[in-house]
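Single-structure report; data block below.
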Amino acid sequence: MIVLENVSKNYSAGAPAINNIDLKIEKGEFVFIVGDSGAGKSTLIKLLLKELEPTTGKIYINDKFVNKLKRRKVPYLRRDIGVVFQDFRLLKDRNVYDNVAFAQRVIEVPSKVIRRRVPAMLSMVGLAEKYRSFPKELSGGEQQRVALARALVNNPPILLADEPTGNLDPKNSWEIMKLLEEINKRGTTVVVVTHNKEIVDAMQKRVICMQKGVIISDEKKGGYIYEN
Amino acid sequence: MIVLENVSKNYSAGAPAINNIDLKIEKGEFVFIVGDSGAGKSTLIKLLLKELEPTTGKIYINDKFVNKLKRRKVPYLRRDIGVVFQDFRLLKDRNVYDNVAFAQRVIEVPSKVIRRRVPAMLSMVGLAEKYRSFPKELSGGEQQRVALARALVNNPPILLADEPTGNLDPKNSWEIMKLLEEINKRGTTVVVVTHNKEIVDAMQKRVICMQKGVIISDEKKGGYIYEN
Amino acid sequence: MKIKTFFYSLQQGIVNIRRNKLYSLASVGTITACIFLIGLFYSVVVNLQHMVHNAEEQINITIFFDNGTSDEDMARIGDAIKKRVEVERIEFTSAEDAWKNFKQLYFGDKAELAEGFKNNNPLANSASYTIYINDVNMQDALVSYLESMKGVRQVNYSSSAASMLTDFGRLVGYVSAALIIILLAVGIFLISNTVMIGITVRKGEIAIMKLMGATDFFVRAPFLVEGICIGLVGAAIPLGILYLIYSNAVRYLLGQFQGISTIVNFLSVNEVFRVLVPVALIIGAGIGFMGSMITIRKKLKI
Amino acid sequence: MKIKTFFYSLQQGIVNIRRNKLYSLASVGTITACIFLIGLFYSVVVNLQHMVHNAEEQINITIFFDNGTSDEDMARIGDAIKKRVEVERIEFTSAEDAWKNFKQLYFGDKAELAEGFKNNNPLANSASYTIYINDVNMQDALVSYLESMKGVRQVNYSSSAASMLTDFGRLVGYVSAALIIILLAVGIFLISNTVMIGITVRKGEIAIMKLMGATDFFVRAPFLVEGICIGLVGAAIPLGILYLIYSNAVRYLLGQFQGISTIVNFLSVNEVFRVLVPVALIIGAGIGFMGSMITIRKKLKI
Ligand SMILES: Nc1ncnc2c1ncn2[C@@H]1O[C@H](COP(=O)(O)OP(=O)(O)OP(=O)(O)O)[C@@H](O)[C@H]1O
Ligand SMILES: Nc1ncnc2c1ncn2[C@@H]1O[C@H](COP(=O)(O)OP(=O)(O)OP(=O)(O)O)[C@@H](O)[C@H]1O
Ligand SMILES: [Mg+2]
Ligand SMILES: [Mg+2]
């Protein structure tokens, strides 16, 4: 499903953010990516989305060769991937409802379906009442949950979530994780970047640990790993 | 040091974000504020900074009556308070060094001191090498540490940190917490808003728990509290 | 593209205008200001050219006849002249009229001074045609024709007045063409400047939309609708203002300058607006469209 | 404020310009464009007024004398007239000159036709003064004075030509004053528009600075420096361009219109720029300053 071969990413300055990574994530897997601040986790996600181009190496998603994907085809790749960004990236000038509905409009879902699906999604993340608020009128955790609702609303085959519980209290975090597990059970490939040791330890899923741009461990049923 | 009397804050729409809160934090205390997403923690911090005005109630900081503080005097109030914002609020068009140096320039610290103090501060949060990067070239955790460095560089008598470890790995989080404890020992009043149960439980400090705008518990040496 | 997406873009473009009030206002303001200037200028310039043209029409040529030319010959010459394309109309002045005019001019009220010439019109040979021509540029051609005519003793014409007016007309033409072109260029620059800043502000938003899997078209269409709407509003406002100003200014100025209304002769509002309305709307909508198009294209790369 | 803060603001303002390249370029571009238009316009208008004034100076009055006025009396009258403030200069035409001119005009080359008058100048009483005046507006006053003079038989003047020029001058004055004022207003509007959008983009930044404990002055000073610098650059560029265009255009037009250079008579570059340079710099720096001032003030509330 997701295959990286010898992928590196150098930003102009300094050491490479991703250094020669090989990685294979099967369809339907649930994967945690953990690692230090600055290890290259977000960079990895940006590469999968083709927001960034790898400096070297090959990336395949759903058997599409991402490196050579035509500009015209990129949107269709992205429609297969729901993403929760670390910095949320909500549309500042649209309210919660429109932010989530936007993801559906992009793939031309009929309005009738949108009107049913968006509120359902919002209540699933506990924001049914806030649908008319604008991002700047939400608390950090609320924004994060809107980002999650937006990523999930289209039922994408792949979900990438970059630190989806960083601004959430433990109870909310657990609920979100249960939601992701649920979605995973229905067939979605889920990749979660997180610093939440408690959750990683408890869920006993595949854990990939990164450090300074390389994968230092990859365990089928792991806990949070400290690199000491 | 920080006194709130009957403070409420209503945003235009919906239920009050802060509902009739009484709170007293002594000079030199170390306080955790925990609570659900949307409980009003960030709103409380904004009130202390006079970024928002309380709808009702009185706020005193260092014996200054914040409500009636003259516009001219507000900057001097803020210089006594170092803040780590939940969304970092770095100056996008300045690099890491300039972001931290800005806090010092505001209080007219001599350039010579700035040139010594800023790099020292940056290496304390582990970003000595990144001093020339711009915010958008940093990982989430790196941005958060810049925000922390900026809040601490002036040795303010009060430090407010809104979710300062939300984007940090456990090791980094612990280091930051040790740093805050250290600073607290040297006399700074520290208020940390956090969702990190592990840290709260381990540190055994005063824990204030908020829920829907009210304080539901306030323990001298507490752990993380779930409101069930 | 489904029809739904088309309507969504349309609606979204209009909603965007409301969402980004500041930017929309600034853009409409800039377009209004620029098109207002262009229109104002155009009005002044076409009127100036119109006046120069009027003045040109008042330039004339006088011809005198050989001694003893009969009235019939004069009439024949007159007919021949009238047939020329250069000629707008001709007027005949008999020898008696000429003498009367002369006396009036040189002796004024004291007509008794001219008594000496009583029965002896010193200007007996001064019957003349005054010829008004269509276009000063044609004067030279006509003059050589007239000089070659049999029975014509002398052709009086003011080559300096004619060339002065031609020159002045050309000067006005040059300067005003240059000014209009400069104004257009500056206007387009200013408007695209504003559009560019406005859209650059939203490049973050565009990037987010692209990451959601939106196609270039889907992202761009609302911006184009927005650009065109802003352009049209920004063109309509100054047209309205100019219409009011123009009709009132013409009325006011005509009132003020009754004395010279033969030269100060304004074009009617409709004559001016027949050109101005389509040009302004095309500039407004065109720049709104192009500005959005180009700027967004730059931001679509992600 | 310490001196250090002053220098910091200065330096920071200049650094800001580089940091916000797009905004700085857009602002400089807008100011350049507006001041360019204002300057261009001003140049055209002052030249037009200059030409009208020149034309006015060519308006003249002719006076004739009573029968038998002696040469001495004429000289005395001439001296009296010369003393009047309205008068620029006077020219004497003797009766003989008048007759020569007349012959030239009416008989042209065929001077033999005038032989009949050989020893009997029919215009014996047509000696005259031609009086050039400083300002057509003063013509009426001078004419009544001249008519009241002893020994003056007749005063010929073209009240229509004079009033036409006066009117035309007034028309040019009105229209160009209106245009300049409108251009200034529009220019100021456009520039502050750009400044406003630009600074609004940075309101987030301003809010952050305020939350760091920066005083209003500390936040504002770099923006003001930035505004003034952008304004000055935006004024200097069009001044340079206008200087080049103006001097070349004048040379070119003078070459093209040698025939009418008595009327088409341009002001020198220096005469125009003596006014334009300070005005442009004041507008540029002034608006840069005011625009920043007002916009930031709005954003400083936090
Ligand atoms: N646009 C950029 N230009 C230059 N360097 C960058 C850029 N983006 C990221 N980096 C650097 O690349 C490294 C990896 O960044 P990345 O965002 O992938 O880290 P991360 O693993 O997501 O960290 P965190 O847990 O703190 O979010 C960091 O050292 C960062 O400073
Ligand atoms: N500007 C605003 N306008 C309207 N409502 C707001 C605004 N800012 C916050 N709120 C609402 O006030 C409530 C409290 O927000 P606050 O940011 O204080 O929560 P929080 O405790 O910091 O939550 P989190 O842990 O998710 O950051 C939330 O329900 C939020 O939606
Ligand atoms: Mg990251
Ligand atoms: Mg918060």
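By order in the structure tokens, chains are A, B, ...; within a chain, residues start at 1; ligands start at 1, following the order shown.
Neighbouring residues of Thr200 of chain C at 12 Å or closer, counting only C-alpha atoms and skipping chain neighbours under 4 positions away, are Tyr23, Ser192, Asn193, Thr194, Val195, Met196, Gly204, Glu205, Ile206, Ala207, Phe223, Gly291, Ser292, Ile294, Thr295, Ile296, Arg297, Lys298, Lys299 and Leu300 of chain C; Asn20, Leu22, Tyr23, Ala26, Ile197, Gly198 and Val201 of chain D.
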Show me which residues are within 6 Å of ligand 4 counting only C-alpha atoms and all ligand atoms, and format the list as a count of residues only. 4
At most 10 Å from ligand 3 (only C-alpha atoms and all ligand atoms): residue list as an mmCIF file with N, CA and C atoms, in the first residue's frame:
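Wrote out.cif, looks like this:
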data_model
loop_
_atom_site.group_PDB
_atom_site.id
_atom_site.type_symbol
_atom_site.label_atom_id
_atom_site.label_comp_id
_atom_site.auth_asym_id
_atom_site.auth_seq_id
_atom_site.Cartn_x
_atom_site.Cartn_y
_atom_site.Cartn_z
ATOM 1 N N GLY A 35 9.165 9.191 17.799
ATOM 2 C CA GLY A 35 10.537 9.654 17.650
ATOM 3 C C GLY A 35 10.699 11.070 18.154
ATOM 4 N N ASP A 36 11.941 11.432 18.344
ATOM 5 C CA ASP A 36 12.280 12.750 18.873
ATOM 6 C C ASP A 36 11.653 13.883 18.086
ATOM 7 N N SER A 37 11.624 15.032 18.737
ATOM 8 C CA SER A 37 11.286 16.249 18.024
ATOM 9 C C SER A 37 12.353 16.486 16.959
ATOM 10 N N GLY A 38 11.912 16.683 15.726
ATOM 11 C CA GLY A 38 12.859 16.943 14.641
ATOM 12 C C GLY A 38 13.418 15.691 13.997
ATOM 13 N N ALA A 39 12.825 14.522 14.317
ATOM 14 C CA ALA A 39 13.354 13.279 13.763
ATOM 15 C C ALA A 39 13.001 13.105 12.288
ATOM 16 N N GLY A 40 12.004 13.811 11.807
ATOM 17 C CA GLY A 40 11.637 13.695 10.398
ATOM 18 C C GLY A 40 10.269 13.074 10.169
ATOM 19 N N LYS A 41 9.454 12.980 11.220
ATOM 20 C CA LYS A 41 8.153 12.331 11.098
ATOM 21 C C LYS A 41 7.204 13.137 10.212
ATOM 22 N N SER A 42 7.112 14.428 10.479
ATOM 23 C CA SER A 42 6.218 15.249 9.666
ATOM 24 C C SER A 42 6.709 15.317 8.228
ATOM 25 N N THR A 43 8.025 15.343 8.065
ATOM 26 C CA THR A 43 8.588 15.360 6.721
ATOM 27 C C THR A 43 8.153 14.112 5.954
ATOM 28 N N LEU A 44 8.170 12.994 6.643
ATOM 29 C CA LEU A 44 7.747 11.742 6.013
ATOM 30 C C LEU A 44 6.300 11.857 5.513
ATOM 31 N N ILE A 45 5.452 12.397 6.334
ATOM 32 C CA ILE A 45 4.043 12.546 5.946
ATOM 33 C C ILE A 45 3.892 13.483 4.753
ATOM 34 N N LYS A 46 4.672 14.557 4.765
ATOM 35 C CA LYS A 46 4.608 15.491 3.639
ATOM 36 C C LYS A 46 5.072 14.835 2.346
ATOM 37 N N PHE A 85 -3.080 17.404 9.999
ATOM 38 C CA PHE A 85 -1.773 18.054 10.054
ATOM 39 C C PHE A 85 -1.438 18.450 11.479
ATOM 40 N N GLN A 86 -0.120 18.468 11.741
ATOM 41 C CA GLN A 86 0.322 18.822 13.088
ATOM 42 C C GLN A 86 -0.147 20.229 13.459
ATOM 43 N N ASP A 87 -0.161 21.118 12.450
ATOM 44 C CA ASP A 87 -0.634 22.491 12.719
ATOM 45 C C ASP A 87 -2.054 22.707 12.187
ATOM 46 N N ASP A 162 -0.877 13.417 12.038
ATOM 47 C CA ASP A 162 0.368 13.914 12.622
ATOM 48 C C ASP A 162 0.047 14.520 13.979
ATOM 49 N N GLU A 163 0.375 13.772 15.029
ATOM 50 C CA GLU A 163 0.152 14.269 16.387
ATOM 51 C C GLU A 163 -1.307 14.656 16.612
ATOM 52 N N VAL A 193 1.341 9.585 13.842
ATOM 53 C CA VAL A 193 2.553 10.117 14.457
ATOM 54 C C VAL A 193 2.164 10.601 15.834
ATOM 55 N N THR A 194 2.866 10.177 16.845
ATOM 56 C CA THR A 194 2.461 10.623 18.181
ATOM 57 C C THR A 194 3.622 10.626 19.160
ATOM 58 N N LEU B 138 10.954 24.778 10.852
ATOM 59 C CA LEU B 138 11.162 23.995 12.065
ATOM 60 C C LEU B 138 10.069 22.947 12.218
ATOM 61 N N SER B 139 10.399 21.874 12.900
ATOM 62 C CA SER B 139 9.364 20.890 13.224
ATOM 63 C C SER B 139 8.482 21.465 14.320
ATOM 64 N N GLY B 140 7.330 20.833 14.535
ATOM 65 C CA GLY B 140 6.398 21.325 15.536
ATOM 66 C C GLY B 140 7.052 21.475 16.903
ATOM 67 N N GLY B 141 7.785 20.444 17.316
ATOM 68 C CA GLY B 141 8.420 20.472 18.624
ATOM 69 C C GLY B 141 9.497 21.546 18.719
ATOM 70 N N GLU B 142 10.190 21.767 17.616
ATOM 71 C CA GLU B 142 11.223 22.806 17.619
ATOM 72 C C GLU B 142 10.598 24.187 17.782
ATOM 73 N N GLN B 143 9.479 24.402 17.105
ATOM 74 C CA GLN B 143 8.788 25.687 17.257
ATOM 75 C C GLN B 143 8.365 25.899 18.704
ATOM 76 N N ASN B 167 3.759 19.095 21.622
ATOM 77 C CA ASN B 167 4.372 18.582 20.411
ATOM 78 C C ASN B 167 5.747 17.978 20.690
ATOM 79 N N LEU B 168 5.999 17.642 21.955
ATOM 80 C CA LEU B 168 7.333 17.134 22.283
ATOM 81 C C LEU B 168 7.285 15.668 22.696
#
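The space between atom CA of Met51 of chain D and atom CA of Glu86 of chain D spans 19.5 Å.
When only C-alpha atoms and all ligand atoms are used to measure the gap to ligand 2, the shortest distance among B:Val83, B:Ala120, B:Ala17, B:Val3 belongs to B:Ala17.
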Excluding segment 20-25 of chain B and its own-chain neighbours fewer than 6 positions away, which residues fall within 6 Å of it when counting only C-alpha atoms? Please give them as a PyMOL selection string. chain B and resi 2-8
Just the selected residues (N, CA, C and O atoms), exported as a compact mmCIF listing (two decimals), in the first residue's frame, please.
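Saved to selection34.txt:
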# COMPACT_ATOMS: atom_id res chain seq x y z
N ILE B 2 -1.07 36.24 41.76
CA ILE B 2 -2.15 36.25 40.76
C ILE B 2 -3.45 35.99 41.51
O ILE B 2 -3.59 34.98 42.18
N VAL B 3 -4.38 36.94 41.39
CA VAL B 3 -5.65 36.80 42.10
C VAL B 3 -6.80 37.03 41.13
O VAL B 3 -6.82 38.04 40.42
N LEU B 4 -7.71 36.07 41.10
CA LEU B 4 -8.94 36.25 40.31
C LEU B 4 -10.12 36.23 41.25
O LEU B 4 -10.23 35.34 42.10
N GLU B 5 -10.99 37.21 41.13
CA GLU B 5 -12.17 37.26 41.97
C GLU B 5 -13.41 37.28 41.10
O GLU B 5 -13.64 38.24 40.37
N ASN B 6 -14.19 36.20 41.20
CA ASN B 6 -15.47 36.16 40.48
C ASN B 6 -15.36 36.43 39.00
O ASN B 6 -16.19 37.10 38.40
N VAL B 7 -14.31 35.93 38.39
CA VAL B 7 -14.07 36.26 36.99
C VAL B 7 -14.90 35.38 36.06
O VAL B 7 -14.94 34.17 36.20
N SER B 8 -15.57 36.04 35.11
CA SER B 8 -16.28 35.33 34.05
C SER B 8 -15.85 35.89 32.71
O SER B 8 -15.48 37.06 32.60
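The shortest atom-to-atom distance to ligand 1, with only C-alpha atoms and all ligand atoms taken into account, belongs to A:Val34 out of A:Val84, A:Ala161, A:Val34, A:Met1.
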Residues within 7 Å of Val52 of chain D, only C-alpha atoms, excluding chain neighbours under 4 positions, as a PDB file with all heavy atoms, in the first residue's frame:
ATOM      1  N   LEU D  48       0.102  73.852 -20.260  1.00  0.00           N
ATOM      2  CA  LEU D  48      -1.085  74.333 -20.946  1.00  0.00           C
ATOM      3  C   LEU D  48      -1.400  75.749 -20.478  1.00  0.00           C
ATOM      4  O   LEU D  48      -1.647  76.653 -21.281  1.00  0.00           O
ATOM      5  CB  LEU D  48      -2.242  73.386 -20.627  1.00  0.00           C
ATOM      6  CG  LEU D  48      -3.459  73.469 -21.533  1.00  0.00           C
ATOM      7  CD1 LEU D  48      -3.055  73.230 -22.963  1.00  0.00           C
ATOM      8  CD2 LEU D  48      -4.501  72.423 -21.122  1.00  0.00           C
ATOM      9  N   GLU D  56      -2.423  84.886 -24.428  1.00  0.00           N
ATOM     10  CA  GLU D  56      -3.031  86.110 -23.908  1.00  0.00           C
ATOM     11  C   GLU D  56      -2.158  87.322 -24.188  1.00  0.00           C
ATOM     12  O   GLU D  56      -2.635  88.400 -24.490  1.00  0.00           O
ATOM     13  CB  GLU D  56      -3.236  85.989 -22.394  1.00  0.00           C
ATOM     14  CG  GLU D  56      -4.427  85.151 -22.001  1.00  0.00           C
ATOM     15  CD  GLU D  56      -4.588  85.108 -20.490  1.00  0.00           C
ATOM     16  OE1 GLU D  56      -3.743  85.692 -19.770  1.00  0.00           O
ATOM     17  OE2 GLU D  56      -5.551  84.497 -20.035  1.00  0.00           O
ATOM     18  N   GLY D 169      -8.779  80.235 -20.718  1.00  0.00           N
ATOM     19  CA  GLY D 169      -7.849  80.128 -19.602  1.00  0.00           C
ATOM     20  C   GLY D 169      -8.555  79.674 -18.348  1.00  0.00           C
ATOM     21  O   GLY D 169      -8.078  78.804 -17.618  1.00  0.00           O
TER      22      GLY D 169
END
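Distances from C:Thr130, C:Ser148, C:Asn67, C:Ser27 to Thr93 of chain C were compared using only C-alpha atoms, and the smallest one belongs to C:Thr130.
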Using only C-alpha atoms, determine which residues of chain D fall within 6 Å of chain B; present them as number ranges by chain. D: 205, 213-215, 302
Given the choices D:Val277, D:Leu244, D:Val175, D:Ala235, which gets closest to chain C if the distance is worked out from only C-alpha atoms? D:Val175
Just list the residues in segment 7-207 of chain B DSSP gives helix (DSSP H, G or I) on the backbone, as a count of residues only. 87
Of A:Asn10, A:Asn19, A:Gln144, A:Ser217, the one nearest to ligand 2 when counting only C-alpha atoms and all ligand atoms is A:Gln144
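Atom CA of Ala33 of chain D sits 9.5 Å away from atom CA of Ala185 of chain C.
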Residue neighbourhood Leu40 of chain C, 12 Å, only C-alpha atoms, exclusion window fewer than 2 positions, as a ChimeraX atom specification: /C:32-38,42-47,179-180,183,238-246,249,272-273,276,280 /D:175-176,178-180,182-183
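Between atom CA of Arg206 of chain B and atom CA of Phe32 of chain B there is a distance of 6.2 Å.
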Please report, as a ChimeraX atom specification, each residue of segment 10-109 of chain A to which DSSP assigns strand (DSSP E or B) when run on this structure's backbone. /A:18-25,30-35,56-61,64-65,81-84
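You can rank C:Gly78, C:Gly29, C:Pro222, C:Gly68 by their closest distance to chain D using only C-alpha atoms, and at the top of that list sits C:Gly29.
The list of residues with at least one atom within 12 Å of Phe92 of chain C, based on only C-alpha atoms and without residues fewer than 2 positions apart in the same chain, reads Ile61, Thr62, Ile63, Phe64, Phe65, Asp71, Met74, Ala75, Ile77, Gly78, Asp79, Ile81, Lys82, Arg89, Ile90, Ser94, Ala95, Glu96, Asp97, Ala98, Ser126, Ala127, Ser128, Tyr129, Thr130, Ile131 and Tyr132 of chain C.
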Write the selection just made, keeping N, CA, C and O atoms, as an mmCIF file, in the first residue's frame?
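Saved the output as again.cif:
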data_model
loop_
_atom_site.group_PDB
_atom_site.id
_atom_site.type_symbol
_atom_site.label_atom_id
_atom_site.label_comp_id
_atom_site.auth_asym_id
_atom_site.auth_seq_id
_atom_site.Cartn_x
_atom_site.Cartn_y
_atom_site.Cartn_z
ATOM 1 N N ILE C 61 -10.650 80.257 -46.511
ATOM 2 C CA ILE C 61 -9.821 80.766 -47.599
ATOM 3 C C ILE C 61 -10.658 81.815 -48.329
ATOM 4 O O ILE C 61 -11.855 81.632 -48.501
ATOM 5 N N THR C 62 -10.017 82.910 -48.732
ATOM 6 C CA THR C 62 -10.743 83.916 -49.504
ATOM 7 C C THR C 62 -10.120 84.010 -50.893
ATOM 8 O O THR C 62 -8.888 84.015 -51.013
ATOM 9 N N ILE C 63 -10.961 84.070 -51.923
ATOM 10 C CA ILE C 63 -10.395 84.298 -53.261
ATOM 11 C C ILE C 63 -10.965 85.574 -53.870
ATOM 12 O O ILE C 63 -12.124 85.948 -53.625
ATOM 13 N N PHE C 64 -10.109 86.279 -54.615
ATOM 14 C CA PHE C 64 -10.525 87.494 -55.346
ATOM 15 C C PHE C 64 -10.431 87.193 -56.834
ATOM 16 O O PHE C 64 -9.696 86.284 -57.252
ATOM 17 N N PHE C 65 -11.193 88.005 -57.636
ATOM 18 C CA PHE C 65 -11.283 87.693 -59.061
ATOM 19 C C PHE C 65 -10.459 88.651 -59.903
ATOM 20 O O PHE C 65 -10.140 89.761 -59.484
ATOM 21 N N ASP C 71 -20.417 88.699 -63.250
ATOM 22 C CA ASP C 71 -21.112 87.996 -62.177
ATOM 23 C C ASP C 71 -21.340 86.530 -62.542
ATOM 24 O O ASP C 71 -21.266 85.651 -61.688
ATOM 25 N N MET C 74 -18.239 84.593 -61.988
ATOM 26 C CA MET C 74 -18.072 84.371 -60.537
ATOM 27 C C MET C 74 -18.944 83.224 -60.070
ATOM 28 O O MET C 74 -18.515 82.336 -59.329
ATOM 29 N N ALA C 75 -20.212 83.210 -60.540
ATOM 30 C CA ALA C 75 -21.138 82.152 -60.118
ATOM 31 C C ALA C 75 -20.609 80.795 -60.572
ATOM 32 O O ALA C 75 -20.662 79.811 -59.825
ATOM 33 N N ILE C 77 -17.470 79.960 -61.181
ATOM 34 C CA ILE C 77 -16.335 79.597 -60.332
ATOM 35 C C ILE C 77 -16.834 79.046 -58.988
ATOM 36 O O ILE C 77 -16.388 78.009 -58.491
ATOM 37 N N GLY C 78 -17.828 79.753 -58.434
ATOM 38 C CA GLY C 78 -18.407 79.319 -57.156
ATOM 39 C C GLY C 78 -18.921 77.888 -57.236
ATOM 40 O O GLY C 78 -18.640 77.063 -56.352
ATOM 41 N N ASP C 79 -19.648 77.582 -58.319
ATOM 42 C CA ASP C 79 -20.186 76.228 -58.458
ATOM 43 C C ASP C 79 -19.070 75.193 -58.511
ATOM 44 O O ASP C 79 -19.158 74.130 -57.877
ATOM 45 N N ILE C 81 -16.130 75.398 -57.311
ATOM 46 C CA ILE C 81 -15.491 75.234 -55.989
ATOM 47 C C ILE C 81 -16.351 74.361 -55.084
ATOM 48 O O ILE C 81 -15.870 73.464 -54.404
ATOM 49 N N LYS C 82 -17.649 74.619 -55.113
ATOM 50 C CA LYS C 82 -18.550 73.880 -54.225
ATOM 51 C C LYS C 82 -18.450 72.384 -54.438
ATOM 52 O O LYS C 82 -18.718 71.592 -53.547
ATOM 53 N N ARG C 89 -18.538 74.682 -47.229
ATOM 54 C CA ARG C 89 -19.504 75.635 -47.790
ATOM 55 C C ARG C 89 -18.747 76.878 -48.206
ATOM 56 O O ARG C 89 -17.600 77.088 -47.796
ATOM 57 N N ILE C 90 -19.393 77.708 -49.053
ATOM 58 C CA ILE C 90 -18.742 78.961 -49.462
ATOM 59 C C ILE C 90 -19.704 80.120 -49.272
ATOM 60 O O ILE C 90 -20.936 79.943 -49.243
ATOM 61 N N SER C 94 -19.848 90.633 -52.075
ATOM 62 C CA SER C 94 -19.746 91.495 -53.268
ATOM 63 C C SER C 94 -18.793 92.648 -52.992
ATOM 64 O O SER C 94 -18.425 92.904 -51.841
ATOM 65 N N ALA C 95 -18.413 93.376 -54.004
ATOM 66 C CA ALA C 95 -17.503 94.519 -53.857
ATOM 67 C C ALA C 95 -18.095 95.559 -52.913
ATOM 68 O O ALA C 95 -17.391 96.142 -52.092
ATOM 69 N N GLU C 96 -19.404 95.748 -53.005
ATOM 70 C CA GLU C 96 -20.050 96.744 -52.140
ATOM 71 C C GLU C 96 -19.949 96.309 -50.674
ATOM 72 O O GLU C 96 -19.656 97.106 -49.789
ATOM 73 N N ASP C 97 -20.221 95.054 -50.440
ATOM 74 C CA ASP C 97 -20.102 94.558 -49.069
ATOM 75 C C ASP C 97 -18.688 94.764 -48.563
ATOM 76 O O ASP C 97 -18.466 95.177 -47.412
ATOM 77 N N ALA C 98 -17.734 94.491 -49.418
ATOM 78 C CA ALA C 98 -16.335 94.613 -49.016
ATOM 79 C C ALA C 98 -16.039 96.048 -48.612
ATOM 80 O O ALA C 98 -15.403 96.299 -47.590
ATOM 81 N N SER C 126 -12.954 93.985 -55.397
ATOM 82 C CA SER C 126 -12.761 93.172 -54.203
ATOM 83 C C SER C 126 -13.905 92.225 -53.884
ATOM 84 O O SER C 126 -14.074 91.806 -52.739
ATOM 85 N N ALA C 127 -14.672 91.859 -54.885
ATOM 86 C CA ALA C 127 -15.677 90.808 -54.648
ATOM 87 C C ALA C 127 -14.907 89.520 -54.311
ATOM 88 O O ALA C 127 -13.806 89.300 -54.821
ATOM 89 N N SER C 128 -15.467 88.697 -53.422
ATOM 90 C CA SER C 128 -14.686 87.525 -53.002
ATOM 91 C C SER C 128 -15.595 86.381 -52.590
ATOM 92 O O SER C 128 -16.774 86.564 -52.281
ATOM 93 N N TYR C 129 -15.030 85.180 -52.622
ATOM 94 C CA TYR C 129 -15.663 84.026 -51.998
ATOM 95 C C TYR C 129 -14.894 83.684 -50.731
ATOM 96 O O TYR C 129 -13.657 83.664 -50.735
ATOM 97 N N THR C 130 -15.637 83.392 -49.677
ATOM 98 C CA THR C 130 -15.001 82.850 -48.466
ATOM 99 C C THR C 130 -15.326 81.355 -48.450
ATOM 100 O O THR C 130 -16.493 80.979 -48.537
ATOM 101 N N ILE C 131 -14.278 80.563 -48.389
ATOM 102 C CA ILE C 131 -14.473 79.112 -48.514
ATOM 103 C C ILE C 131 -14.129 78.434 -47.195
ATOM 104 O O ILE C 131 -13.020 78.573 -46.673
ATOM 105 N N TYR C 132 -15.099 77.722 -46.668
ATOM 106 C CA TYR C 132 -14.853 76.953 -45.434
ATOM 107 C C TYR C 132 -14.549 75.506 -45.814
ATOM 108 O O TYR C 132 -15.272 74.935 -46.639
#
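Summary of the local environment: counting only C-alpha atoms, residues at most 10 Å from Glu198 of chain A, other than itself and those fewer than 4 positions away along its chain, are Pro170, Trp174, Ala202, Met203, Gly223 and Tyr224 of chain A; Asn196, Lys197 and Glu198 of chain B.
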